[in-house]
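Some notes on the structure that comes next.
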Amino acid sequence: MSLLDIEGISVSFRTDQGRVLAVRGLSLSVAPNEVVGVVGESGSGKSVSALSILGLLPRGRSEISGAIRFEGENILGWPERRLRKLRGGAIAMVFQEPMTSLNPVLSIGWQIGEVLRLHRGLARHEARREAVELLRVVGLPDPEGMIEAYPHQLSGGQRQRVMIAIALAGRPRLLIADEPTTALDVTIQAQILDLLRALQARFGMAMLLITHDLGVMAEMAARVVVMYGGEKVEEAPTARLFASPRHPYTAGLLGAIPRLSPERRDALVEIPGTVPVVHAPPAGCIFAPRCARADERCRSVPPSFAWQAPGVGVACHHPLGEG
């Protein structure tokens, strides 16, 4: 049985321009101990999907349909009190920007200790001792002194390690990592990815990794879900996706990856056009306005997602490798 099953969720927001459908019919699953990646450009619905799992979308301005099953139970629509027990406990999340995710007026030790007290019932002195150990686990120097520090006193990489320590504090079975390296320089990015990989293996967590960086996916994920314009357009095991993409959008993303090989002297392949306007999506395939393979059917009839082999599926009328 899957640990997490997202079944056909759609997420909409009420805005001044009317109702905006940010995610359309997304389905994906994460097995215990598995790392699944979700990749796509900014605005593709990745972060909205992640926030919907934990009920963190603004209430009263957002609507969600479908089902989100965690350990077999549909958690969509749970009351806030019940969701609070789930967040930071069984499911934890590492957010994009640690400086805005950490509370600037509370010490690092207090913020880790809060999770330990709420989700594991530790006394204050026990929480302090465990907080020091967690800071040591994530590789921070002088953990005994670090718990007295405040977020503004730390570097970006140190703050992200603190966010990971907070996420680990509740001993989650699922870790959602939303663009965990976006705000960091390249050297620190590699360190954070190595840390996440090691911790995932050490603690046996499942991980849903969200990023726009296919290079990160190649290193981290066993399976990749590709999103565009709020929809899942392709899913495949990582090696298969890189070797033989089926959707033109996936092929475009892979073609735009810089390569330092001396044999690669051709220019990067760009995807023409721009991402769709969320409040006025095209009538047919969401990618049709930017696709060289699009025909009249593509511009008028939305393609359905179809599995073509075990674990390999695509939403395209003319997938690559056919015709």
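Following the order of the structure tokens, first chain is A, next is B, and so on, with residues numbered from 1 inside each chain and ligands from 1 in the order they appear.
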- Leaving out Val137 of chain A and any residue of its chain fewer than 3 positions from it, which residues lie within 9 Å of it when counting only C-alpha atoms, given as a list in words?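 Once the nearby chain positions are removed, what remains is Val132, Glu133, Leu134, Leu140, Ala165 and Leu199 of chain A.
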- Message: What's around Ala201 of chain A at 12 Å? Count only C-alpha atoms, leave out sequence neighbours fewer than 3 positions away in its own chain, and write the answer as an MDAnalysis selection string.
- Response: chainID A and resid 32:35 173 194:198 204:207 220
- Message: Would you compute the distance between atom CA of Leu122 of chain A and atom CA of Pro151 of chain A? Give it in Å to one decimal.
- Response: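 About the pair atom CA of Leu122 of chain A and atom CA of Pro151 of chain A: they are 23.4 Å apart.
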- Item | Shell of 9 Å around Glu179 of chain A, only C-alpha atoms, local chain residues under 4 positions omitted, as JSON, numbers by chain | {"A": [47, 94, 95, 96, 97, 183, 209, 210, 211, 212, 213]}
- Which value, in Å to one decimal, gives the distance between atom CA of Leu135 of chain A and atom CA of Arg159 of chain A?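 According to the coordinates, atom CA of Leu135 of chain A and atom CA of Arg159 of chain A are separated by 10.9 Å.
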- Would you please give, as a ChimeraX atom specification, all residues of segment 96-308 of chain A that DSSP assigns to alpha helix (DSSP H) based on the backbone? /A:98-101,108-120,124-137,143-146,156-169,186-203,214-220,238-243,248-255,296-300
- Can you pull out every residue within 12 Å of Gly60 of chain A, counting only C-alpha atoms, but drop anything in the same chain fewer than 6 positions away, and send it as a list in words?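 The residues that qualify are Ser12, Phe13, Arg14 and Thr15 of chain A.
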Let's have the selection written as a short mmCIF file (atom, residue, chain, number, x, y, z; two decimals), in the first residue's frame, with N, CA and C atoms.
```cif
data_model
loop_
_atom_site.label_atom_id
_atom_site.label_comp_id
_atom_site.auth_asym_id
_atom_site.auth_seq_id
_atom_site.Cartn_x
_atom_site.Cartn_y
_atom_site.Cartn_z
N SER A 12 -8.58 25.34 -6.80
CA SER A 12 -8.93 26.63 -7.41
C SER A 12 -8.89 27.73 -6.36
N PHE A 13 -8.69 28.97 -6.84
CA PHE A 13 -8.66 30.14 -5.97
C PHE A 13 -9.63 31.19 -6.50
N ARG A 14 -10.24 31.92 -5.58
CA ARG A 14 -11.07 33.06 -5.97
C ARG A 14 -10.19 34.30 -6.00
N THR A 15 -10.16 34.97 -7.14
CA THR A 15 -9.34 36.16 -7.33
C THR A 15 -10.16 37.28 -7.94
#
```
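With only C-alpha atoms as the atoms that count, the minimum distance from Gln160 of chain A to the choices A:Ala221, A:Ala283, A:Met93, A:Val115 is reached by A:Met93.
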- Query: Which residue, A:Asp5, A:Asp142, A:Glu130, A:Glu114, has the smallest gap to Leu208 of chain A when you use only C-alpha atoms?
  - Reply: A:Asp5
- Shell of 8 Å around Ala90 of chain A, only C-alpha atoms, local chain residues under 6 positions omitted, as a list in words: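 Contacts, with the query itself left out: Gly170, Arg171, Pro172, Arg173 and Leu174 of chain A.
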Output for the residues just chosen: C-alpha atoms as a PDB file, in the first residue's frame:
```
ATOM      1  CA  GLY A 170       8.590  14.823  14.762  1.00  0.00           C
ATOM      2  CA  ARG A 171      10.046  11.643  13.215  1.00  0.00           C
ATOM      3  CA  PRO A 172       7.951  11.969  10.045  1.00  0.00           C
ATOM      4  CA  ARG A 173       7.087   9.084   7.773  1.00  0.00           C
ATOM      5  CA  LEU A 174       6.792  11.510   4.837  1.00  0.00           C
TER       6      LEU A 174
END
```
- Task: Mind the document's chain letters and residue numbers, and return as a PyMOL selection string the residues of segment 106-231 of chain A that DSSP labels strand (DSSP E or B).
- Result: chain A and resi 174-178+206-211+223-228+231
- Atom pair atom CA of Met163 of chain A + atom CA of Arg87 of chain A, distance 14.0 Å
